[in-house]
file upload30.cif (mmCIF, C-alpha atoms, pLDDT in the B column; chains and numbers go by the auth columns)
data_work
#
loop_
_atom_site.group_PDB
_atom_site.id
_atom_site.type_symbol
_atom_site.label_atom_id
_atom_site.label_comp_id
_atom_site.label_asym_id
_atom_site.label_seq_id
_atom_site.Cartn_x
_atom_site.Cartn_y
_atom_site.Cartn_z
_atom_site.B_iso_or_equiv
_atom_site.auth_seq_id
_atom_site.auth_asym_id
ATOM 1 C CA MET A 1 12.636 17.769 12.634 52.00 1 O
ATOM 2 C CA ALA A 2 11.584 16.057 15.761 60.00 2 O
ATOM 3 C CA ASP A 3 13.328 17.508 18.803 70.00 3 O
ATOM 4 C CA ASN A 4 15.451 15.703 21.351 78.00 4 O
ATOM 5 C CA VAL A 5 15.627 12.415 19.537 86.00 5 O
ATOM 6 C CA THR A 6 17.886 10.187 21.618 89.00 6 O
ATOM 7 C CA PRO A 7 18.437 6.530 20.836 92.00 7 O
ATOM 8 C CA ARG A 8 19.017 4.180 23.747 93.00 8 O
ATOM 9 C CA VAL A 9 20.182 0.624 23.232 94.00 9 O
ATOM 10 C CA ARG A 10 20.987 -2.168 25.648 93.00 10 O
ATOM 11 C CA VAL A 11 23.386 -4.850 24.432 93.00 11 O
ATOM 12 C CA PRO A 12 25.358 -7.220 26.693 92.00 12 O
ATOM 13 C CA ARG A 13 29.056 -6.283 26.930 90.00 13 O
ATOM 14 C CA ASP A 14 30.324 -9.788 26.224 89.00 14 O
ATOM 15 C CA ALA A 15 29.030 -13.141 25.052 91.00 15 O
ATOM 16 C CA THR A 16 30.235 -16.562 23.977 92.00 16 O
ATOM 17 C CA ALA A 17 30.484 -17.392 20.266 90.00 17 O
ATOM 18 C CA GLY A 18 27.160 -18.382 18.758 88.00 18 O
ATOM 19 C CA GLU A 19 25.228 -17.232 21.787 91.00 19 O
ATOM 20 C CA THR A 20 21.765 -15.751 21.355 92.00 20 O
ATOM 21 C CA ILE A 21 21.504 -12.404 23.078 93.00 21 O
ATOM 22 C CA THR A 22 18.552 -10.146 23.744 94.00 22 O
ATOM 23 C CA ILE A 23 18.739 -6.559 22.558 95.00 23 O
ATOM 24 C CA LYS A 24 16.437 -3.806 23.721 95.00 24 O
ATOM 25 C CA THR A 25 16.200 -0.535 21.843 95.00 25 O
ATOM 26 C CA LEU A 26 14.257 2.615 22.492 94.00 26 O
ATOM 27 C CA ILE A 27 14.349 5.968 20.746 93.00 27 O
ATOM 28 C CA SER A 28 12.639 9.028 22.158 92.00 28 O
ATOM 29 C CA HIS A 29 10.404 10.321 19.379 90.00 29 O
ATOM 30 C CA PRO A 30 6.854 11.738 19.424 89.00 30 O
ATOM 31 C CA MET A 31 5.640 9.405 16.608 90.00 31 O
ATOM 32 C CA GLU A 32 2.915 11.885 15.607 89.00 32 O
ATOM 33 C CA SER A 33 0.347 9.631 13.951 87.00 33 O
ATOM 34 C CA GLY A 34 -1.309 12.127 11.613 86.00 34 O
ATOM 35 C CA GLN A 35 -4.685 11.299 13.196 85.00 35 O
ATOM 36 C CA ARG A 36 -4.655 13.805 16.025 87.00 36 O
ATOM 37 C CA LYS A 37 -6.035 17.343 15.860 86.00 37 O
ATOM 38 C CA ASP A 38 -4.761 20.445 17.634 87.00 38 O
ATOM 39 C CA GLY A 39 -6.918 22.897 19.618 88.00 39 O
ATOM 40 C CA ASP A 40 -8.193 24.625 16.455 90.00 40 O
ATOM 41 C CA GLY A 41 -9.284 21.403 14.787 87.00 41 O
ATOM 42 C CA ASN A 42 -6.371 21.281 12.365 90.00 42 O
ATOM 43 C CA THR A 43 -4.816 17.905 11.772 90.00 43 O
ATOM 44 C CA ILE A 44 -1.289 17.626 13.159 89.00 44 O
ATOM 45 C CA PRO A 45 0.844 16.298 10.300 90.00 45 O
ATOM 46 C CA ARG A 46 2.292 12.820 10.536 89.00 46 O
ATOM 47 C CA SER A 47 5.889 12.615 11.730 90.00 47 O
ATOM 48 C CA ILE A 48 7.109 9.155 12.656 91.00 48 O
ATOM 49 C CA ILE A 49 10.075 6.854 12.412 93.00 49 O
ATOM 50 C CA ASN A 50 9.137 4.592 9.534 93.00 50 O
ATOM 51 C CA ARG A 51 11.987 2.086 9.554 94.00 51 O
ATOM 52 C CA PHE A 52 14.407 0.593 12.046 95.00 52 O
ATOM 53 C CA THR A 53 17.274 -1.744 11.210 95.00 53 O
ATOM 54 C CA CYS A 54 19.921 -3.564 13.197 95.00 54 O
ATOM 55 C CA GLU A 55 23.074 -4.939 11.571 94.00 55 O
ATOM 56 C CA PHE A 56 25.975 -6.871 13.039 94.00 56 O
ATOM 57 C CA ASN A 57 29.285 -6.549 11.138 92.00 57 O
ATOM 58 C CA GLY A 58 27.316 -5.652 8.004 91.00 58 O
ATOM 59 C CA GLU A 59 24.874 -8.573 8.229 92.00 59 O
ATOM 60 C CA MET A 60 21.201 -7.905 8.804 93.00 60 O
ATOM 61 C CA VAL A 61 19.692 -8.917 12.128 94.00 61 O
ATOM 62 C CA ILE A 62 16.272 -7.325 11.892 95.00 62 O
ATOM 63 C CA ASP A 63 14.574 -4.801 9.638 95.00 63 O
ATOM 64 C CA VAL A 64 11.355 -3.365 11.016 95.00 64 O
ATOM 65 C CA THR A 65 8.773 -1.305 9.141 94.00 65 O
ATOM 66 C CA LEU A 66 6.986 0.992 11.573 94.00 66 O
ATOM 67 C CA GLU A 67 3.522 2.444 10.964 92.00 67 O
ATOM 68 C CA PRO A 68 1.735 5.250 12.841 91.00 68 O
ATOM 69 C CA ALA A 69 0.201 2.666 15.200 91.00 69 O
ATOM 70 C CA ILE A 70 3.551 2.204 16.968 93.00 70 O
ATOM 71 C CA SER A 71 3.612 4.023 20.309 92.00 71 O
ATOM 72 C CA THR A 72 5.490 7.192 21.167 91.00 72 O
ATOM 73 C CA ASN A 73 9.163 6.451 21.927 92.00 73 O
ATOM 74 C CA PRO A 74 9.204 3.269 19.831 93.00 74 O
ATOM 75 C CA PHE A 75 10.594 0.318 21.743 94.00 75 O
ATOM 76 C CA VAL A 76 11.760 -2.831 19.990 95.00 76 O
ATOM 77 C CA GLU A 77 13.123 -5.936 21.671 95.00 77 O
ATOM 78 C CA PHE A 78 14.582 -8.833 19.672 95.00 78 O
ATOM 79 C CA GLU A 79 17.272 -11.499 19.721 94.00 79 O
ATOM 80 C CA ALA A 80 20.506 -11.843 17.776 94.00 80 O
ATOM 81 C CA VAL A 81 23.232 -14.440 17.298 92.00 81 O
ATOM 82 C CA VAL A 82 26.821 -13.263 17.737 92.00 82 O
ATOM 83 C CA PRO A 83 29.331 -15.442 15.850 91.00 83 O
ATOM 84 C CA GLU A 84 32.343 -13.201 16.563 91.00 84 O
ATOM 85 C CA SER A 85 33.371 -9.942 18.202 92.00 85 O
ATOM 86 C CA GLY A 86 32.139 -6.890 16.415 92.00 86 O
ATOM 87 C CA SER A 87 29.722 -4.034 16.487 93.00 87 O
ATOM 88 C CA PHE A 88 25.989 -3.678 16.215 94.00 88 O
ATOM 89 C CA VAL A 89 24.783 -0.746 14.147 95.00 89 O
ATOM 90 C CA PHE A 90 21.265 0.460 14.870 95.00 90 O
ATOM 91 C CA THR A 91 19.614 2.820 12.402 95.00 91 O
ATOM 92 C CA TRP A 92 16.323 4.689 12.651 94.00 92 O
ATOM 93 C CA TYR A 93 14.826 6.418 9.587 94.00 93 O
ATOM 94 C CA ASP A 94 12.627 9.448 10.247 93.00 94 O
ATOM 95 C CA ASP A 95 9.783 10.609 7.967 91.00 95 O
ATOM 96 C CA ASP A 96 11.593 13.946 7.502 90.00 96 O
ATOM 97 C CA GLY A 97 14.655 12.231 6.075 89.00 97 O
ATOM 98 C CA ASP A 98 16.763 12.279 9.234 91.00 98 O
ATOM 99 C CA VAL A 99 18.685 9.136 10.061 93.00 99 O
ATOM 100 C CA TYR A 100 19.736 8.364 13.624 93.00 100 O
ATOM 101 C CA THR A 101 22.406 5.762 14.281 94.00 101 O
ATOM 102 C CA GLU A 102 23.867 4.135 17.339 94.00 102 O
ATOM 103 C CA THR A 103 26.759 1.676 17.562 94.00 103 O
ATOM 104 C CA LYS A 104 27.444 -0.884 20.275 93.00 104 O
ATOM 105 C CA GLU A 105 30.513 -3.088 20.560 93.00 105 O
ATOM 106 C CA ILE A 106 30.352 -6.636 21.834 93.00 106 O
ATOM 107 C CA ALA A 107 33.298 -8.831 22.808 92.00 107 O
ATOM 108 C CA VAL A 108 32.939 -12.540 22.065 91.00 108 O
ATOM 109 C CA SER A 109 35.112 -14.953 24.005 84.00 109 O
ATOM 110 C CA MET B 1 -47.198 1.457 -0.549 59.00 1 B
ATOM 111 C CA ASN B 2 -46.503 1.377 -4.256 66.00 2 B
ATOM 112 C CA PHE B 3 -43.108 0.218 -5.341 68.00 3 B
ATOM 113 C CA THR B 4 -42.306 2.673 -8.084 75.00 4 B
ATOM 114 C CA ARG B 5 -39.052 2.333 -9.901 74.00 5 B
ATOM 115 C CA ARG B 6 -37.636 5.367 -8.035 74.00 6 B
ATOM 116 C CA ASN B 7 -38.566 3.996 -4.607 72.00 7 B
ATOM 117 C CA THR B 8 -37.054 0.642 -5.357 74.00 8 B
ATOM 118 C CA LEU B 9 -33.800 2.229 -6.470 69.00 9 B
ATOM 119 C CA TRP B 10 -33.512 4.309 -3.289 74.00 10 B
ATOM 120 C CA MET B 11 -34.215 1.286 -1.137 71.00 11 B
ATOM 121 C CA ALA B 12 -31.606 -0.736 -2.952 69.00 12 B
ATOM 122 C CA MET B 13 -29.023 2.001 -2.469 69.00 13 B
ATOM 123 C CA GLY B 14 -29.836 2.309 1.225 66.00 14 B
ATOM 124 C CA THR B 15 -29.475 -1.415 1.764 63.00 15 B
ATOM 125 C CA ALA B 16 -26.197 -1.481 -0.113 62.00 16 B
ATOM 126 C CA ILE B 17 -24.723 1.354 1.996 57.00 17 B
ATOM 127 C CA ALA B 18 -25.961 -0.172 5.258 56.00 18 B
ATOM 128 C CA THR B 19 -24.323 -3.469 4.356 55.00 19 B
ATOM 129 C CA VAL B 20 -21.015 -1.952 3.309 52.00 20 B
ATOM 130 C CA LEU B 21 -20.403 0.513 6.156 49.00 21 B
ATOM 131 C CA PRO B 22 -19.809 -1.810 9.133 48.00 22 B
ATOM 132 C CA PHE B 23 -17.411 -3.922 7.115 49.00 23 B
ATOM 133 C CA LYS B 24 -15.272 -1.094 5.800 53.00 24 B
ATOM 134 C CA ALA B 25 -12.641 -1.481 8.522 56.00 25 B
ATOM 135 C CA PHE B 26 -12.506 -5.222 7.991 62.00 26 B
ATOM 136 C CA ALA B 27 -12.120 -4.716 4.261 68.00 27 B
ATOM 137 C CA ASP B 28 -8.961 -2.675 4.958 79.00 28 B
ATOM 138 C CA VAL B 29 -7.586 -5.480 7.117 83.00 29 B
ATOM 139 C CA ASP B 30 -8.360 -8.030 4.429 84.00 30 B
ATOM 140 C CA ALA B 31 -6.623 -5.828 1.856 85.00 31 B
ATOM 141 C CA ASP B 32 -3.529 -5.564 4.058 85.00 32 B
ATOM 142 C CA ILE B 33 -3.500 -9.314 4.657 87.00 33 B
ATOM 143 C CA ALA B 34 -3.899 -9.972 0.925 87.00 34 B
ATOM 144 C CA ALA B 35 -1.056 -7.571 0.131 86.00 35 B
ATOM 145 C CA PHE B 36 1.213 -9.463 2.551 88.00 36 B
ATOM 146 C CA THR B 37 0.190 -13.030 1.697 87.00 37 B
ATOM 147 C CA GLY B 38 -0.622 -12.563 -1.980 84.00 38 B
ATOM 148 C CA GLY B 39 -3.921 -14.304 -1.374 81.00 39 B
ATOM 149 C CA ALA B 40 -2.337 -17.558 -0.136 82.00 40 B
ATOM 150 C CA ASP B 41 -4.067 -19.718 2.473 84.00 41 B
ATOM 151 C CA VAL B 42 -3.194 -18.832 6.067 88.00 42 B
ATOM 152 C CA GLY B 43 -2.678 -21.534 8.687 85.00 43 B
ATOM 153 C CA SER B 44 -2.682 -21.118 12.441 85.00 44 B
ATOM 154 C CA GLU B 45 0.112 -23.374 13.790 85.00 45 B
ATOM 155 C CA GLY B 46 3.548 -22.176 14.819 87.00 46 B
ATOM 156 C CA ILE B 47 2.955 -18.573 15.754 92.00 47 B
ATOM 157 C CA THR B 48 2.269 -17.055 19.136 93.00 48 B
ATOM 158 C CA LEU B 49 1.028 -13.564 19.814 94.00 49 B
ATOM 159 C CA VAL B 50 1.150 -12.273 23.375 94.00 50 B
ATOM 160 C CA ALA B 51 -0.959 -9.231 24.158 93.00 51 B
ATOM 161 C CA PRO B 52 -2.740 -8.195 27.344 93.00 52 B
ATOM 162 C CA GLU B 53 -6.396 -9.139 27.691 92.00 53 B
ATOM 163 C CA ILE B 54 -7.203 -5.700 29.068 92.00 54 B
ATOM 164 C CA ALA B 55 -5.157 -2.607 28.278 90.00 55 B
ATOM 165 C CA GLU B 56 -5.993 0.415 30.382 88.00 56 B
ATOM 166 C CA ASN B 57 -4.191 2.819 28.100 89.00 57 B
ATOM 167 C CA GLY B 58 -4.483 2.306 24.355 89.00 58 B
ATOM 168 C CA ASN B 59 -1.440 4.484 23.748 90.00 59 B
ATOM 169 C CA THR B 60 1.085 1.853 24.778 91.00 60 B
ATOM 170 C CA VAL B 61 -0.018 -1.743 24.541 93.00 61 B
ATOM 171 C CA PRO B 62 2.890 -4.199 24.801 94.00 62 B
ATOM 172 C CA VAL B 63 2.747 -7.011 22.248 95.00 63 B
ATOM 173 C CA GLU B 64 5.105 -9.913 21.579 94.00 64 B
ATOM 174 C CA VAL B 65 5.239 -12.150 18.531 95.00 65 B
ATOM 175 C CA ASN B 66 7.152 -15.366 18.139 94.00 66 B
ATOM 176 C CA ALA B 67 7.097 -17.559 15.041 93.00 67 B
ATOM 177 C CA PRO B 68 10.054 -19.979 14.953 91.00 68 B
ATOM 178 C CA GLY B 69 11.587 -20.094 11.492 89.00 69 B
ATOM 179 C CA ALA B 70 9.585 -17.228 10.033 92.00 70 B
ATOM 180 C CA GLU B 71 11.030 -14.788 7.487 92.00 71 B
ATOM 181 C CA ALA B 72 8.787 -11.901 8.383 93.00 72 B
ATOM 182 C CA ILE B 73 5.967 -11.139 10.791 94.00 73 B
ATOM 183 C CA MET B 74 3.343 -8.476 10.199 94.00 74 B
ATOM 184 C CA ILE B 75 1.157 -7.069 12.996 94.00 75 B
ATOM 185 C CA LEU B 76 -2.278 -5.602 12.308 93.00 76 B
ATOM 186 C CA ALA B 77 -4.778 -3.879 14.566 92.00 77 B
ATOM 187 C CA ALA B 78 -8.154 -4.615 12.994 90.00 78 B
ATOM 188 C CA GLY B 79 -10.006 -1.706 14.582 89.00 79 B
ATOM 189 C CA ASN B 80 -7.512 1.122 14.037 89.00 80 B
ATOM 190 C CA PRO B 81 -8.079 3.883 11.443 88.00 81 B
ATOM 191 C CA THR B 82 -5.130 2.385 9.559 88.00 82 B
ATOM 192 C CA PRO B 83 -4.824 -1.299 10.485 90.00 83 B
ATOM 193 C CA ALA B 84 -1.127 -1.760 9.677 91.00 84 B
ATOM 194 C CA VAL B 85 1.079 -1.622 12.775 93.00 85 B
ATOM 195 C CA GLY B 86 4.454 -2.874 11.633 93.00 86 B
ATOM 196 C CA THR B 87 6.418 -5.594 9.886 94.00 87 B
ATOM 197 C CA PHE B 88 9.457 -7.377 11.305 95.00 88 B
ATOM 198 C CA ASN B 89 11.842 -8.811 8.688 95.00 89 B
ATOM 199 C CA PHE B 90 14.371 -11.195 10.202 95.00 90 B
ATOM 200 C CA GLY B 91 17.898 -11.303 8.782 93.00 91 B
ATOM 201 C CA PRO B 92 20.453 -14.140 8.838 92.00 92 B
ATOM 202 C CA LEU B 93 21.763 -13.142 12.271 92.00 93 B
ATOM 203 C CA ALA B 94 18.414 -13.014 14.039 92.00 94 B
ATOM 204 C CA GLY B 95 18.724 -15.167 17.152 89.00 95 B
ATOM 205 C CA SER B 96 15.099 -16.212 17.018 90.00 96 B
ATOM 206 C CA GLN B 97 12.004 -15.026 15.246 92.00 97 B
ATOM 207 C CA PHE B 98 10.861 -13.129 18.265 93.00 98 B
ATOM 208 C CA ALA B 99 10.097 -9.450 18.656 94.00 99 B
ATOM 209 C CA SER B 100 8.409 -7.274 21.205 95.00 100 B
ATOM 210 C CA THR B 101 7.170 -3.707 20.864 94.00 101 B
ATOM 211 C CA ARG B 102 4.491 -1.301 22.054 94.00 102 B
ATOM 212 C CA ILE B 103 1.557 -0.310 19.905 93.00 103 B
ATOM 213 C CA ARG B 104 -1.411 2.068 19.846 92.00 104 B
ATOM 214 C CA LEU B 105 -4.968 0.758 19.812 92.00 105 B
ATOM 215 C CA ALA B 106 -7.953 3.003 19.090 90.00 106 B
ATOM 216 C CA GLY B 107 -10.356 0.810 21.065 90.00 107 B
ATOM 217 C CA THR B 108 -11.298 -2.749 21.944 92.00 108 B
ATOM 218 C CA GLN B 109 -10.370 -4.857 18.951 91.00 109 B
ATOM 219 C CA ASP B 110 -8.506 -7.867 17.588 92.00 110 B
ATOM 220 C CA VAL B 111 -4.751 -7.729 17.158 93.00 111 B
ATOM 221 C CA VAL B 112 -3.568 -9.987 14.347 93.00 112 B
ATOM 222 C CA ALA B 113 -0.075 -11.310 13.625 94.00 113 B
ATOM 223 C CA ILE B 114 0.782 -13.048 10.354 93.00 114 B
ATOM 224 C CA ALA B 115 4.111 -14.762 9.709 93.00 115 B
ATOM 225 C CA ARG B 116 5.624 -15.628 6.350 92.00 116 B
ATOM 226 C CA MET B 117 7.558 -18.889 6.420 92.00 117 B
ATOM 227 C CA PRO B 118 10.573 -19.619 4.162 91.00 118 B
ATOM 228 C CA ASP B 119 8.546 -22.200 2.193 89.00 119 B
ATOM 229 C CA GLY B 120 6.044 -19.515 1.216 88.00 120 B
ATOM 230 C CA SER B 121 3.270 -20.529 3.590 91.00 121 B
ATOM 231 C CA PHE B 122 1.625 -18.181 6.057 93.00 122 B
ATOM 232 C CA VAL B 123 0.416 -18.581 9.627 93.00 123 B
ATOM 233 C CA GLN B 124 -1.733 -16.270 11.659 92.00 124 B
ATOM 234 C CA ALA B 125 -2.656 -15.672 15.280 93.00 125 B
ATOM 235 C CA SER B 126 -5.028 -13.141 16.733 91.00 126 B
ATOM 236 C CA GLN B 127 -6.107 -11.972 20.137 93.00 127 B
ATOM 237 C CA GLU B 128 -8.742 -9.583 21.370 93.00 128 B
ATOM 238 C CA VAL B 129 -7.529 -6.700 23.520 93.00 129 B
ATOM 239 C CA LYS B 130 -10.020 -4.724 25.576 93.00 130 B
ATOM 240 C CA VAL B 131 -9.001 -1.071 25.678 91.00 131 B
ATOM 241 C CA THR B 132 -10.261 1.282 28.386 87.00 132 B
ATOM 242 C CA ILE B 133 -8.921 4.557 26.926 81.00 133 B
ATOM 243 C CA GLY B 134 -8.273 4.641 23.190 77.00 134 B
ATOM 244 C CA GLY B 135 -4.924 5.673 21.833 72.00 135 B
ATOM 245 C CA CYS B 136 -5.698 7.839 18.828 66.00 136 B
ATOM 246 C CA GLY B 137 -6.128 11.186 20.544 63.00 137 B
ATOM 247 C CA GLY B 138 -9.751 11.403 19.412 51.00 138 B
#
call {"tool": "encode", "arguments": {"input": "upload30.cif", "output": "structure tokens"}}
result
Amino acid sequence: MADNVTPRVRVPRDATAGETITIKTLISHPMESGQRKDGDGNTIPRSIINRFTCEFNGEMVIDVTLEPAISTNPFVEFEAVVPESGSFVFTWYDDDGDVYTETKEIAVS
Amino acid sequence: MNFTRRNTLWMAMGTAIATVLPFKAFADVDADIAAFTGGADVGSEGITLVAPEIAENGNTVPVEVNAPGAEAIMILAAGNPTPAVGTFNFGPLAGSQFASTRIRLAGTQDVVAIARMPDGSFVQASQEVKVTIGGCGG
């Protein structure tokens, strides 16, 4: 279990129908690559977030496969179309089986 | 010097190893590309990859990919111990086929982005990034 995993997401509060909005996401996570060694020369086991998805009202926006070459505290920025009011669900899948989710509402006028 | 059968065999082995070693990393990249494209031809139009020319810290190198209309974009770092970096699959509500993230680079190398288009074709862009301090904790 990675400690202190906190997702942070920035989504605009409102938008017009059909507008393309920019979403920025960041989750604090060490993303241990499995390449590093500790002081005694033992390899530190890999522990990363291997998948990130974003859905809007159940429809997929983006599905990202992450490999160990993604930096610590993985940051992903992308764009989405909002046809109606609803909620974005962001999901991060950890190597150890943990799943972190975050929900953001958006009002479409 | 007499070329006995034993000598010739050793020399042949040495040459074979010397030829294979420098290309091992590239072979991995080619394997990853082949796994993604299924061996299809790769074009170069319609994809942009933005990465810094010089990255002081290989631990966080910002990269941006943009391939209008693409289904999926894969990013590879040709000189990393494992070249795969990540794959972005765009769903029906993606506003554009654009994504930005931060990656680790072990040293100066080429960063490659390959996009899969809905018609089954592939396009590729690559850029060299000079890295001052590598990002693999070596």
call {"tool": "closest_residue", "arguments": {"input": "upload30.cif", "among": "O:Ile70, O:Thr6, O:Glu102, O:Thr91", "to": "Val63 (chain B)", "atoms": "all atoms listed in the file"}}
result
O:Ile70
call {"tool": "closest_residue", "arguments": {"input": "upload30.cif", "among": "O:Thr65, O:Thr43, O:Thr20, O:Thr25", "to": "Thr101 (chain O)", "atoms": "all atoms listed in the file"}}
result
O:Thr25
call {"tool": "interface_residues", "arguments": {"input": "upload30.cif", "of": "chain O", "to": "chain B", "cutoff": "6 Å", "atoms": "all atoms listed in the file", "output": "ChimeraX atom specification"}}
result
/O:20,36,60-67,69-71,75-81
call {"tool": "resolve_selection", "arguments": {"input": "upload30.cif", "expression": "the PyMOL selection byres ((chain O and resi 44) around 12)", "output": "PyMOL selection string"}}
result
(chain O and resi 30-43+45-48) or (chain B and resi 137)
call {"tool": "atom_distance", "arguments": {"input": "upload30.cif", "atom1": "CA of Thr108 (chain B)", "atom2": "CA of Val129 (chain B)"}}
result
5.7 Å
call {"tool": "resolve_selection", "arguments": {"input": "upload30.cif", "expression": "the PyMOL selection byres ((chain B and resi 48) around 12)", "output": "PyMOL selection string"}}
result
chain B and resi 44-47+49-51+63-68+70+73+75+97-100+111-115+123-127
call {"tool": "write_last_selection", "arguments": {"input": "upload30.cif", "atoms": "C-alpha atoms", "output": "tab-separated table (two decimals), in the frame of the given file"}}
result
chain	number	residue	atom	x	y	z
B	44	SER	CA	-2.68	-21.12	12.44
B	45	GLU	CA	0.11	-23.37	13.79
B	46	GLY	CA	3.55	-22.18	14.82
B	47	ILE	CA	2.96	-18.57	15.75
B	49	LEU	CA	1.03	-13.56	19.81
B	50	VAL	CA	1.15	-12.27	23.38
B	51	ALA	CA	-0.96	-9.23	24.16
B	63	VAL	CA	2.75	-7.01	22.25
B	64	GLU	CA	5.11	-9.91	21.58
B	65	VAL	CA	5.24	-12.15	18.53
B	66	ASN	CA	7.15	-15.37	18.14
B	67	ALA	CA	7.10	-17.56	15.04
B	68	PRO	CA	10.05	-19.98	14.95
B	70	ALA	CA	9.59	-17.23	10.03
B	73	ILE	CA	5.97	-11.14	10.79
B	75	ILE	CA	1.16	-7.07	13.00
B	97	GLN	CA	12.00	-15.03	15.25
B	98	PHE	CA	10.86	-13.13	18.26
B	99	ALA	CA	10.10	-9.45	18.66
B	100	SER	CA	8.41	-7.27	21.20
B	111	VAL	CA	-4.75	-7.73	17.16
B	112	VAL	CA	-3.57	-9.99	14.35
B	113	ALA	CA	-0.08	-11.31	13.62
B	114	ILE	CA	0.78	-13.05	10.35
B	115	ALA	CA	4.11	-14.76	9.71
B	123	VAL	CA	0.42	-18.58	9.63
B	124	GLN	CA	-1.73	-16.27	11.66
B	125	ALA	CA	-2.66	-15.67	15.28
B	126	SER	CA	-5.03	-13.14	16.73
B	127	GLN	CA	-6.11	-11.97	20.14
call {"tool": "residues_near_point", "arguments": {"input": "upload30.cif", "point": "(10.0, -20.4, 4.2)", "cutoff": "10 Å", "atoms": "all atoms listed in the file", "output": "ChimeraX atom specification"}}
result
/B:69-72,115-122
call {"tool": "atom_distance", "arguments": {"input": "upload30.cif", "atom1": "CA of Glu55 (chain O)", "atom2": "CA of Thr103 (chain O)"}}
result
9.7 Å
